[in-house]
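Text of input-v2.cif, listed as mmCIF, C-alpha atoms:
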```cif
data_coords
loop_
_atom_site.label_atom_id
_atom_site.label_comp_id
_atom_site.auth_asym_id
_atom_site.auth_seq_id
_atom_site.Cartn_x
_atom_site.Cartn_y
_atom_site.Cartn_z
CA MET T 1 -8.99 25.09 52.49
CA ASN T 2 -7.68 26.81 49.36
CA PHE T 3 -10.84 27.49 47.28
CA LYS T 4 -8.78 28.96 44.42
CA LEU T 5 -6.93 25.66 44.11
CA VAL T 6 -10.20 23.69 44.11
CA ILE T 7 -11.69 25.95 41.40
CA ALA T 8 -8.53 25.64 39.31
CA LEU T 9 -8.58 21.87 39.55
CA PHE T 10 -12.29 21.80 38.70
CA TRP T 11 -11.90 23.89 35.55
CA GLY T 12 -8.78 21.98 34.62
CA SER T 13 -10.68 18.71 34.74
CA LEU T 14 -13.42 20.19 32.53
CA VAL T 15 -10.93 21.39 29.95
CA PHE T 16 -9.18 18.02 30.00
CA ALA T 17 -12.51 16.26 29.48
CA GLN T 18 -13.25 18.48 26.50
CA VAL T 19 -9.99 17.71 24.72
CA GLU T 20 -9.64 14.08 25.76
CA GLU T 21 -9.41 12.01 22.59
CA ARG T 22 -12.32 9.65 21.99
CA LYS T 23 -12.23 6.95 19.31
CA PRO T 24 -15.52 5.15 18.70
CA TYR T 25 -15.26 2.19 16.38
CA SER T 26 -17.35 0.07 14.02
CA LEU T 27 -17.33 -3.35 12.40
CA ASP T 28 -18.36 -4.32 8.88
CA ALA T 29 -18.64 -7.52 6.87
CA ASN T 30 -18.88 -7.73 3.06
CA PHE T 31 -19.52 -10.69 0.78
CA PHE T 32 -18.16 -10.30 -2.76
CA TYR T 33 -18.63 -11.98 -6.15
CA GLY T 34 -16.47 -11.10 -9.10
CA THR T 35 -14.16 -12.00 -11.93
CA ILE T 36 -10.39 -12.21 -12.42
CA LEU T 37 -9.27 -9.60 -14.94
CA GLU T 38 -7.10 -10.91 -17.78
CA HIS T 39 -4.33 -8.33 -17.48
CA ASN T 40 -1.73 -10.87 -18.60
CA ALA T 41 -2.08 -13.63 -21.22
CA GLU T 42 -0.18 -16.01 -18.92
CA ILE T 43 -3.18 -16.29 -16.58
CA ALA T 44 -5.88 -16.77 -19.24
CA ASP T 45 -6.19 -20.52 -18.53
CA LEU T 46 -6.59 -19.79 -14.78
CA ILE T 47 -9.79 -17.76 -15.26
CA THR T 48 -12.36 -20.55 -15.11
CA ALA T 49 -15.15 -19.26 -12.81
CA HIS T 50 -16.27 -16.29 -10.71
CA PRO T 51 -14.31 -15.88 -7.46
CA THR T 52 -16.18 -15.34 -4.21
CA GLY T 53 -15.11 -14.28 -0.74
CA PHE T 54 -15.67 -12.01 2.21
CA ILE T 55 -14.03 -9.01 3.90
CA LEU T 56 -14.20 -8.46 7.66
CA SER T 57 -13.10 -5.07 9.01
CA TYR T 58 -12.53 -3.14 12.22
CA ASN T 59 -12.63 0.66 11.91
CA ARG T 60 -11.49 3.38 14.33
CA LYS T 61 -13.29 6.67 13.76
CA THR T 62 -11.62 10.08 13.95
CA TYR T 63 -13.10 13.45 14.94
CA GLY T 64 -10.22 15.91 14.60
CA PHE T 65 -8.52 15.44 17.96
CA ASN T 66 -5.33 15.24 15.88
CA ALA T 67 -4.83 18.00 13.31
CA TRP T 68 -4.28 15.67 10.30
CA GLU T 69 -7.73 14.08 10.75
CA ALA T 70 -9.67 17.24 9.81
CA ARG T 71 -7.49 17.75 6.72
CA TYR T 72 -8.80 14.48 5.26
CA ASN T 73 -12.45 14.87 6.30
CA TYR T 74 -12.14 12.67 9.40
CA PRO T 75 -11.21 9.26 7.92
CA ASP T 76 -11.32 5.90 9.68
CA TYR T 77 -8.32 3.65 10.09
CA GLY T 78 -8.35 -0.01 10.95
CA ALA T 79 -7.61 -3.61 10.04
CA SER T 80 -9.19 -6.11 7.64
CA PHE T 81 -9.24 -9.83 6.94
CA VAL T 82 -9.98 -10.99 3.39
CA PHE T 83 -10.79 -14.54 2.28
CA GLN T 84 -11.03 -15.29 -1.42
CA ASP T 85 -11.84 -18.55 -3.20
CA LEU T 86 -10.45 -18.04 -6.72
CA LYS T 87 -12.61 -20.89 -8.07
CA ASN T 88 -9.68 -22.57 -9.78
CA LYS T 89 -7.91 -25.67 -8.50
CA ALA T 90 -4.45 -24.36 -9.45
CA LEU T 91 -4.97 -20.99 -7.70
CA GLY T 92 -6.71 -22.30 -4.57
CA GLN T 93 -7.76 -19.88 -1.83
CA ASN T 94 -6.06 -16.77 -0.45
CA TYR T 95 -6.17 -15.41 3.13
CA GLY T 96 -5.02 -11.85 3.77
CA VAL T 97 -4.58 -9.36 6.63
CA TYR T 98 -4.45 -5.63 5.95
CA GLY T 99 -4.22 -2.18 7.42
CA HIS T 100 -6.63 0.28 5.82
CA PHE T 101 -7.95 3.84 5.66
CA ASN T 102 -11.57 4.81 4.92
CA PHE T 103 -12.16 8.20 3.26
CA TYR T 104 -15.62 9.79 3.12
CA PHE T 105 -17.54 11.83 0.53
CA LEU T 106 -21.15 12.90 -0.19
CA ASN T 107 -22.15 13.71 3.39
CA ARG T 108 -20.22 10.63 4.58
CA ARG T 109 -22.45 8.23 2.64
CA LEU T 110 -19.78 7.29 0.07
CA MET T 111 -16.74 5.51 1.51
CA ALA T 112 -13.48 4.83 -0.37
CA ARG T 113 -11.13 2.34 1.27
CA VAL T 114 -7.46 1.62 0.56
CA GLY T 115 -6.00 -1.50 2.21
CA GLN T 116 -2.44 -2.86 2.08
CA GLY T 117 -1.25 -6.12 3.58
CA VAL T 118 0.07 -9.65 3.24
CA ALA T 119 -1.81 -12.70 1.94
CA PHE T 120 -1.22 -16.44 2.22
CA ALA T 121 -1.77 -18.53 -0.92
CA SER T 122 -2.95 -22.06 -0.21
CA ASN T 123 -1.67 -23.51 -3.50
CA PRO T 124 1.32 -21.60 -4.96
CA PHE T 125 3.40 -22.61 -7.96
CA ASP T 126 5.31 -25.89 -7.71
CA LEU T 127 7.26 -27.21 -10.68
CA GLU T 128 6.15 -30.79 -10.00
CA LYS T 129 2.82 -30.51 -8.15
CA ASN T 130 1.27 -27.25 -9.40
CA PHE T 131 3.05 -26.01 -12.53
CA ARG T 132 -0.12 -24.35 -13.86
CA ASN T 133 -0.15 -21.62 -11.18
CA THR T 134 1.94 -19.01 -12.95
CA ALA T 135 0.25 -16.25 -10.92
CA TYR T 136 1.76 -16.93 -7.47
CA GLY T 137 5.34 -18.10 -7.14
CA SER T 138 5.34 -18.18 -3.35
CA LYS T 139 3.02 -18.81 -0.40
CA PHE T 140 3.21 -15.25 0.92
CA LEU T 141 2.02 -12.45 -1.33
CA SER T 142 1.88 -8.69 -1.23
CA SER T 143 -1.75 -7.65 -1.52
CA THR T 144 -3.72 -4.44 -2.01
CA TYR T 145 -7.45 -4.00 -2.03
CA LEU T 146 -9.64 -1.04 -2.94
CA MET T 147 -13.30 -0.63 -2.03
CA LEU T 148 -15.95 1.93 -2.94
CA ASN T 149 -19.14 1.55 -0.90
CA TYR T 150 -22.37 3.46 -0.42
CA GLN T 151 -23.20 3.17 3.27
CA LYS T 152 -26.38 3.62 5.23
CA PRO T 153 -25.67 3.14 8.97
CA ASN T 154 -28.15 2.58 11.79
CA ILE T 155 -31.05 1.22 9.75
CA ILE T 156 -32.08 -1.20 12.49
CA GLY T 157 -30.56 -0.01 15.74
CA LYS T 158 -26.79 0.06 15.23
CA ILE T 159 -26.92 -2.19 12.15
CA GLY T 160 -26.59 -0.65 8.68
CA LEU T 161 -26.27 -1.71 5.05
CA GLN T 162 -23.57 -1.08 2.46
CA ALA T 163 -22.91 -2.06 -1.15
CA GLY T 164 -20.37 -1.25 -3.83
CA LEU T 165 -17.31 -2.35 -5.77
CA SER T 166 -13.99 -3.91 -4.79
CA LEU T 167 -10.65 -4.66 -6.46
CA VAL T 168 -8.31 -7.21 -4.84
CA HIS T 169 -4.72 -7.55 -6.09
CA TYR T 170 -2.26 -10.35 -5.24
CA SER T 171 1.40 -10.48 -6.26
CA ASN T 172 4.66 -11.69 -4.75
CA ALA T 173 6.41 -8.71 -6.39
CA ASN T 174 9.02 -10.89 -8.12
CA ILE T 175 10.40 -12.14 -4.83
CA LYS T 176 10.09 -15.55 -6.45
CA ALA T 177 9.17 -16.59 -10.00
CA PRO T 178 6.67 -16.98 -11.56
CA ASN T 179 4.74 -13.82 -10.75
CA ALA T 180 1.94 -13.09 -13.21
CA SER T 181 -0.32 -11.95 -10.29
CA THR T 182 -4.14 -11.60 -10.25
CA ASN T 183 -6.63 -8.74 -10.01
CA THR T 184 -10.19 -9.54 -8.97
CA PHE T 185 -12.94 -7.03 -9.75
CA ALA T 186 -16.02 -7.70 -7.63
CA LEU T 187 -19.42 -6.53 -6.48
CA ASN T 188 -19.84 -6.51 -2.70
CA LEU T 189 -22.77 -6.35 -0.32
CA GLY T 190 -22.53 -6.17 3.46
CA LEU T 191 -23.55 -4.98 6.88
CA ASN T 192 -22.00 -2.47 9.25
CA TYR T 193 -22.37 -2.29 13.02
CA GLN T 194 -21.64 0.89 14.97
CA LEU T 195 -19.97 -0.10 18.24
CA ALA T 196 -20.12 3.52 19.29
CA GLU T 197 -20.96 5.53 22.34
CA SER T 198 -24.52 6.79 22.79
CA GLU T 199 -23.33 10.35 22.17
CA LEU T 200 -20.63 10.68 19.53
CA PRO T 201 -18.13 13.53 19.86
CA ALA T 202 -18.54 16.58 17.63
CA TYR T 203 -16.18 17.01 14.69
CA ILE T 204 -13.43 19.48 15.53
CA PRO T 205 -12.95 21.90 12.60
CA GLN T 206 -9.58 22.33 10.95
CA GLU T 207 -7.50 25.23 12.16
CA LYS T 208 -6.17 27.57 9.50
CA THR T 209 -2.42 27.79 9.96
CA ARG T 210 0.40 29.00 7.76
CA PHE T 211 2.95 26.38 6.77
CA GLN T 212 6.45 27.04 5.54
CA GLU T 213 9.39 24.67 5.23
CA SER T 214 12.75 24.82 3.46
CA VAL T 215 14.19 22.33 0.96
CA HIS T 216 15.62 19.15 2.51
CA PHE T 217 18.16 16.59 1.27
CA ASN T 218 17.34 12.89 1.68
CA LEU T 219 19.41 9.72 1.49
CA VAL T 220 17.73 6.28 1.43
CA LEU T 221 19.11 2.74 1.33
CA ARG T 222 16.63 0.16 0.03
CA SER T 223 17.11 -3.58 -0.11
CA GLY T 224 15.37 -6.94 -0.42
CA ALA T 225 15.47 -10.02 -2.63
CA ASN T 226 13.95 -10.85 -5.99
CA GLU T 227 14.25 -13.26 -8.91
CA SER T 228 14.21 -13.18 -12.69
CA ASP T 229 11.03 -14.20 -14.51
CA TYR T 230 12.90 -17.25 -15.77
CA VAL T 231 12.05 -19.95 -13.22
CA GLY T 232 14.98 -21.55 -11.46
CA LEU T 233 17.61 -18.80 -11.69
CA GLY T 234 17.39 -18.24 -7.93
CA GLN T 235 16.62 -15.35 -5.58
CA GLU T 236 19.27 -12.66 -5.26
CA PRO T 237 19.67 -9.64 -2.95
CA PHE T 238 19.55 -6.12 -4.36
CA LEU T 239 20.56 -2.65 -3.18
CA VAL T 240 19.12 0.70 -4.22
CA VAL T 241 20.80 3.96 -3.17
CA SER T 242 18.50 6.94 -3.54
CA SER T 243 19.41 10.59 -3.05
CA PHE T 244 16.88 13.36 -3.56
CA VAL T 245 15.70 16.76 -2.47
CA ASP T 246 12.18 17.48 -1.28
CA LYS T 247 10.04 20.48 -0.53
CA ARG T 248 6.99 20.20 1.71
CA ILE T 249 4.59 22.67 0.14
CA ASN T 250 1.82 22.30 2.74
CA GLN T 251 0.80 20.07 5.61
CA LYS T 252 -0.39 17.37 3.20
CA SER T 253 2.00 17.36 0.24
CA THR T 254 5.74 17.09 -0.34
CA LEU T 255 7.36 17.22 -3.81
CA GLN T 256 10.51 15.21 -4.57
CA ALA T 257 13.19 14.94 -7.26
CA GLY T 258 16.37 12.88 -7.28
CA MET T 259 18.41 9.88 -8.47
CA ASP T 260 18.35 6.11 -7.93
CA PHE T 261 21.37 3.81 -8.25
CA PHE T 262 20.28 0.18 -8.78
CA PHE T 263 22.45 -2.84 -8.01
CA SER T 264 20.19 -5.76 -9.00
CA LYS T 265 22.06 -9.05 -9.09
CA PHE T 266 19.09 -10.98 -10.48
CA LEU T 267 19.72 -9.13 -13.76
CA LYS T 268 23.26 -10.52 -13.84
CA ASN T 269 21.85 -14.06 -13.71
CA GLU T 270 19.27 -13.25 -16.38
CA ILE T 271 21.83 -11.72 -18.74
CA GLU T 272 24.10 -14.76 -18.50
CA TYR T 273 21.17 -17.16 -18.94
CA LYS T 274 19.69 -15.38 -21.98
CA ALA T 275 23.08 -15.17 -23.68
CA LEU T 276 23.36 -18.99 -23.53
CA ALA T 277 19.73 -20.09 -23.90
CA PHE T 278 18.28 -17.49 -26.30
CA PRO T 279 20.82 -16.36 -28.93
CA GLU T 280 17.99 -14.77 -30.93
CA PHE T 281 17.74 -12.01 -28.26
CA ASP T 282 21.23 -10.76 -29.20
CA VAL T 283 22.44 -10.65 -25.57
CA ARG T 284 26.24 -10.97 -25.31
CA GLY T 285 26.35 -11.95 -21.64
CA ASP T 286 28.72 -9.25 -20.45
CA GLU T 287 26.22 -6.34 -20.31
CA ASP T 288 26.33 -4.28 -17.14
CA TRP T 289 23.52 -5.22 -14.73
CA LYS T 290 23.59 -1.88 -12.87
CA ARG T 291 21.20 1.01 -13.70
CA ILE T 292 20.84 4.71 -12.85
CA GLY T 293 17.55 6.60 -12.94
CA PHE T 294 16.17 10.08 -12.34
CA PHE T 295 12.78 10.39 -10.66
CA ALA T 296 10.13 12.87 -9.55
CA GLY T 297 7.66 12.10 -6.82
CA HIS T 298 5.01 13.11 -4.33
CA GLU T 299 4.46 12.30 -0.68
CA LEU T 300 1.05 12.52 0.99
CA ARG T 301 1.39 12.92 4.76
CA PHE T 302 -0.92 11.44 7.39
CA ASN T 303 0.66 12.46 10.68
CA LYS T 304 3.80 10.24 10.88
CA VAL T 305 2.75 8.01 7.97
CA ALA T 306 3.02 8.97 4.30
CA PHE T 307 2.00 7.52 0.93
CA VAL T 308 4.80 7.82 -1.63
CA THR T 309 4.45 7.79 -5.43
CA GLN T 310 7.36 8.27 -7.82
CA VAL T 311 7.96 8.06 -11.57
CA GLY T 312 11.48 7.49 -12.87
CA TYR T 313 13.47 7.18 -16.09
CA TYR T 314 16.70 5.22 -16.54
CA VAL T 315 19.51 7.39 -17.89
CA TYR T 316 22.06 4.56 -17.62
CA TYR T 317 20.40 1.47 -19.10
CA PRO T 318 22.89 -1.00 -20.63
CA TYR T 319 20.49 -3.97 -20.57
CA ASP T 320 16.87 -3.77 -21.70
CA PHE T 321 14.60 -4.94 -18.88
CA GLU T 322 10.90 -4.00 -19.10
CA GLY T 323 11.57 -0.51 -20.54
CA ARG T 324 13.16 2.71 -19.33
CA VAL T 325 10.21 4.08 -17.31
CA TYR T 326 9.69 2.80 -13.77
CA PHE T 327 7.30 3.48 -10.91
CA ARG T 328 7.54 3.30 -7.13
CA GLY T 329 4.71 3.42 -4.62
CA GLY T 330 4.31 2.56 -0.96
CA LEU T 331 4.46 3.71 2.63
CA LYS T 332 6.85 5.70 4.80
CA ARG T 333 6.88 5.88 8.58
CA TYR T 334 8.70 8.76 10.23
CA LEU T 335 10.38 7.56 13.42
CA THR T 336 11.61 11.11 14.06
CA GLU T 337 11.59 14.30 11.99
CA LYS T 338 14.80 13.09 10.33
CA ILE T 339 14.75 9.28 10.34
CA PHE T 340 12.20 7.19 8.44
CA LEU T 341 11.45 3.63 7.32
CA SER T 342 9.81 2.72 4.01
CA ALA T 343 8.23 -0.23 2.23
CA THR T 344 7.68 0.36 -1.48
CA LEU T 345 6.87 -1.59 -4.63
CA LYS T 346 8.96 -0.86 -7.72
CA SER T 347 7.40 -1.74 -11.05
CA HIS T 348 7.43 -1.13 -14.78
CA TYR T 349 3.80 -0.27 -15.50
CA ALA T 350 1.84 -3.37 -14.32
CA LYS T 351 4.98 -5.55 -14.07
CA ALA T 352 6.43 -5.66 -10.54
CA GLU T 353 10.20 -5.87 -10.07
CA ALA T 354 10.73 -5.81 -6.30
CA VAL T 355 9.45 -4.93 -2.85
CA GLU T 356 11.98 -2.51 -1.36
CA PHE T 357 12.51 -2.07 2.38
CA GLY T 358 14.30 1.17 3.15
CA LEU T 359 15.95 3.22 5.87
CA GLY T 360 16.40 6.92 5.23
CA ILE T 361 17.50 10.23 6.67
CA ARG T 362 16.06 13.68 5.90
CA LEU T 363 18.49 16.51 6.59
#
```
Structure translated into structure tokens:
Amino acid sequence: MNFKLVIALFWGSLVFAQVEERKPYSLDANFFYGTILEHNAEIADLITAHPTGFILSYNRKTYGFNAWEARYNYPDYGASFVFQDLKNKALGQNYGVYGHFNFYFLNRRLMARVGQGVAFASNPFDLEKNFRNTAYGSKFLSSTYLMLNYQKPNIIGKIGLQAGLSLVHYSNANIKAPNASTNTFALNLGLNYQLAESELPAYIPQEKTRFQESVHFNLVLRSGANESDYVGLGQEPFLVVSSFVDKRINQKSTLQAGMDFFFSKFLKNEIEYKALAFPEFDVRGDEDWKRIGFFAGHELRFNKVAFVTQVGYYVYYPYDFEGRVYFRGGLKRYLTEKIFLSATLKSHYAKAEAVEFGLGIRL
């Protein structure tokens, strides 16, 4: 019998056991009570009572088995379900599913959560049956929720307590008019349950490594459909061609600068409509509906996923639509080191224009 082989296999199994990734998880449930913020005068008549609801969440814990986890103080990632009764007959109830990240501070007692997903509106706008709901023009909405909780786990066995603040946003991002959207600010109180192993793994410290990367050129095609704020003009496809350079300055952050070329056909419909229906706006009807903008941005990397934020300014702007400054924020997923997908929201301050789905290459 080859004792050297046996010893090698034995130590190999020990090493493998030490580095084998373990992912304990937890559950939490929060009840919330809040108010709809009047960010837009169009929804003032829809704020009639205090919305209530609950948030159910599944959380996977991280311990640094992957290098990016230690860089962000070992966050959780998971999925949530949110139910909200908006306490208004025209608005109805919303049901949403989300992916989220939990980030920890103050010795892991303070948790900040960012969730992004899709919600179903039970009673969207209908010109004949529900004309008062100017907030939601469609059944399916883009939704974001933020949560800040103080947590105390394992108070009674594996059950803990948490309390804090939440903000829940619903909008169809101008996919269909109307789209005034809602933002609910709420107080929440809940329980957490640690479905964890008896002995949790130790946190693996971050390794100090040098990072250096050259400048890269990117090309992205973004598309989708949206509609003018004037109800009834119809949904139209759009195309955005973006070219930019980026420089990854460390393992977390990448800086960007480039140009956007916008081909938004919904603006063509709006220009023609306003020229006929609203002569006081001094719109001729033959203005160009294309735009060109310069932008600067930042990308925050989480392994193969990244959060993107960009601020732009239109340098070619023949028709005035919501002002010259625009914003873009959303997610990217790197399929390879060169190919990526994106889903972003383009807006003008708090006014959404479109949800953009993109395919890009980084050379």
(message) Considering all atoms listed in the file, can you say which of T:Lys158, T:Glu287, T:Phe244, T:Phe65 comes closest to T:Ala275?
(response) T:Glu287
(message) With all atoms listed in the file as the counted atoms, please give the residues lying no more than 7 Å from T:Gln93, apart from itself and same-chain residues fewer than 3 positions off, as JSON, numbers by chain.
(response) {"T": [84, 85, 86, 121, 122]}
(message) To one decimal place in Å, what is the distance between atom CA of T:Phe238 and atom CA of T:Ile339?
(response)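 About the pair atom CA of T:Phe238 and atom CA of T:Ile339: they are 21.8 Å apart.
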(message) Could you tell me, as a ChimeraX atom specification, exactly which residues end up selected when the PyMOL selection byres ((chain T and resi 68-73) around 8) is applied to this structure?
(response) /T:62-67,74-75,103-104,204-206,252,302-303
(message) List as a ChimeraX atom specification the protein and nucleic acid residues near T:His39, meaning an atom at most 10 Å away when all atoms listed in the file are counted, but skip any in the same chain fewer than 5 places from it.
(response) /T:44,180-183,350
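The residue that comes closest to T:Tyr150, out of T:Leu127, T:Ala354, T:Val308, T:Leu189 and on the basis of all atoms listed in the file, is T:Leu189.
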(message) Set the distance at 9 Å and use all atoms listed in the file: which residues neighbour T:Asn226 once local chain neighbours fewer than 5 positions away are removed? I'd like the list as a VMD selection string.
(response) chain T and resid 173 to 177 234 to 238 264 to 266 353 to 355
(message) Nearest residue to T:Phe263 out of T:Val231, T:Leu276, T:Ala225, T:Ile55, using only C-alpha atoms?
(response)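 Selected residue with least distance to T:Phe263: T:Ala225.
Reported to one decimal place, the separation of atom CA of T:Gly190 from atom CA of T:Gln162 is 5.3 Å.
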Pop stretch 40-119 of chain T out of the structure in the block and write C-alpha atoms as an mmCIF file, in the first residue's frame.
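So the final result, stored in result08.cif, reads:
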```
data_model
loop_
_atom_site.group_PDB
_atom_site.id
_atom_site.type_symbol
_atom_site.label_atom_id
_atom_site.label_comp_id
_atom_site.auth_asym_id
_atom_site.auth_seq_id
_atom_site.Cartn_x
_atom_site.Cartn_y
_atom_site.Cartn_z
ATOM 1 C CA ASN T 40 -45.852 65.088 -7.864
ATOM 2 C CA ALA T 41 -49.012 67.223 -7.721
ATOM 3 C CA GLU T 42 -50.760 64.722 -10.020
ATOM 4 C CA ILE T 43 -51.005 62.155 -7.214
ATOM 5 C CA ALA T 44 -52.216 64.511 -4.456
ATOM 6 C CA ASP T 45 -55.805 63.215 -4.652
ATOM 7 C CA LEU T 46 -54.533 59.606 -4.369
ATOM 8 C CA ILE T 47 -52.995 60.149 -0.918
ATOM 9 C CA THR T 48 -55.994 59.389 1.277
ATOM 10 C CA ALA T 49 -54.682 57.117 4.072
ATOM 11 C CA HIS T 50 -51.561 55.422 5.446
ATOM 12 C CA PRO T 51 -50.409 52.420 3.374
ATOM 13 C CA THR T 52 -49.578 49.168 5.125
ATOM 14 C CA GLY T 53 -47.860 45.990 4.003
ATOM 15 C CA PHE T 54 -45.225 43.390 4.685
ATOM 16 C CA ILE T 55 -41.817 42.306 3.347
ATOM 17 C CA LEU T 56 -40.699 38.666 3.381
ATOM 18 C CA SER T 57 -37.029 37.937 2.638
ATOM 19 C CA TYR T 58 -34.551 35.106 2.148
ATOM 20 C CA ASN T 59 -30.888 35.986 2.734
ATOM 21 C CA ARG T 60 -27.709 34.107 1.818
ATOM 22 C CA LYS T 61 -24.776 35.037 4.045
ATOM 23 C CA THR T 62 -21.208 35.492 2.805
ATOM 24 C CA TYR T 63 -17.925 34.927 4.638
ATOM 25 C CA GLY T 64 -15.237 35.852 2.111
ATOM 26 C CA PHE T 65 -14.962 32.591 0.187
ATOM 27 C CA ASN T 66 -15.118 34.845 -2.885
ATOM 28 C CA ALA T 67 -12.773 37.839 -2.905
ATOM 29 C CA TRP T 68 -15.481 40.479 -3.572
ATOM 30 C CA GLU T 69 -17.362 39.547 -0.376
ATOM 31 C CA ALA T 70 -14.640 40.811 1.989
ATOM 32 C CA ARG T 71 -14.378 44.100 0.053
ATOM 33 C CA TYR T 72 -17.969 44.938 1.028
ATOM 34 C CA ASN T 73 -17.839 43.711 4.635
ATOM 35 C CA TYR T 74 -19.461 40.339 3.885
ATOM 36 C CA PRO T 75 -22.934 41.340 2.615
ATOM 37 C CA ASP T 76 -25.959 39.082 2.214
ATOM 38 C CA TYR T 77 -27.756 38.560 -1.067
ATOM 39 C CA GLY T 78 -31.208 37.141 -1.536
ATOM 40 C CA ALA T 79 -34.802 37.542 -2.672
ATOM 41 C CA SER T 80 -37.819 39.411 -1.287
ATOM 42 C CA PHE T 81 -41.582 39.526 -1.664
ATOM 43 C CA VAL T 82 -43.378 42.793 -0.889
ATOM 44 C CA PHE T 83 -47.127 43.288 -0.469
ATOM 45 C CA GLN T 84 -48.490 46.798 -0.125
ATOM 46 C CA ASP T 85 -52.058 47.999 0.366
ATOM 47 C CA LEU T 86 -51.969 51.640 -0.754
ATOM 48 C CA LYS T 87 -55.231 52.385 1.101
ATOM 49 C CA ASN T 88 -56.813 54.025 -1.918
ATOM 50 C CA LYS T 89 -59.443 52.411 -4.130
ATOM 51 C CA ALA T 90 -57.916 53.801 -7.345
ATOM 52 C CA LEU T 91 -54.388 52.562 -6.499
ATOM 53 C CA GLY T 92 -55.369 49.149 -5.115
ATOM 54 C CA GLN T 93 -52.674 46.737 -3.917
ATOM 55 C CA ASN T 94 -49.210 45.976 -5.281
ATOM 56 C CA TYR T 95 -47.320 42.656 -5.198
ATOM 57 C CA GLY T 96 -43.587 42.647 -5.932
ATOM 58 C CA VAL T 97 -40.641 40.240 -6.210
ATOM 59 C CA TYR T 98 -37.073 41.492 -5.829
ATOM 60 C CA GLY T 99 -33.429 40.590 -5.711
ATOM 61 C CA HIS T 100 -31.551 42.374 -2.929
ATOM 62 C CA PHE T 101 -28.242 42.979 -1.170
ATOM 63 C CA ASN T 102 -27.822 43.595 2.577
ATOM 64 C CA PHE T 103 -24.839 45.702 3.672
ATOM 65 C CA TYR T 104 -23.697 45.834 7.313
ATOM 66 C CA PHE T 105 -22.332 48.556 9.611
ATOM 67 C CA LEU T 106 -21.822 49.165 13.359
ATOM 68 C CA ASN T 107 -20.566 45.696 14.252
ATOM 69 C CA ARG T 108 -23.169 44.192 11.893
ATOM 70 C CA ARG T 109 -26.084 45.572 13.906
ATOM 71 C CA LEU T 110 -27.119 48.150 11.279
ATOM 72 C CA MET T 111 -28.283 46.678 7.973
ATOM 73 C CA ALA T 112 -28.875 48.668 4.757
ATOM 74 C CA ARG T 113 -30.781 46.846 2.030
ATOM 75 C CA VAL T 114 -31.184 47.700 -1.660
ATOM 76 C CA GLY T 115 -33.809 45.703 -3.584
ATOM 77 C CA GLN T 116 -34.754 45.880 -7.271
ATOM 78 C CA GLY T 117 -37.572 43.987 -8.937
ATOM 79 C CA VAL T 118 -40.938 43.879 -10.664
ATOM 80 C CA ALA T 119 -44.345 44.558 -9.118
#
```
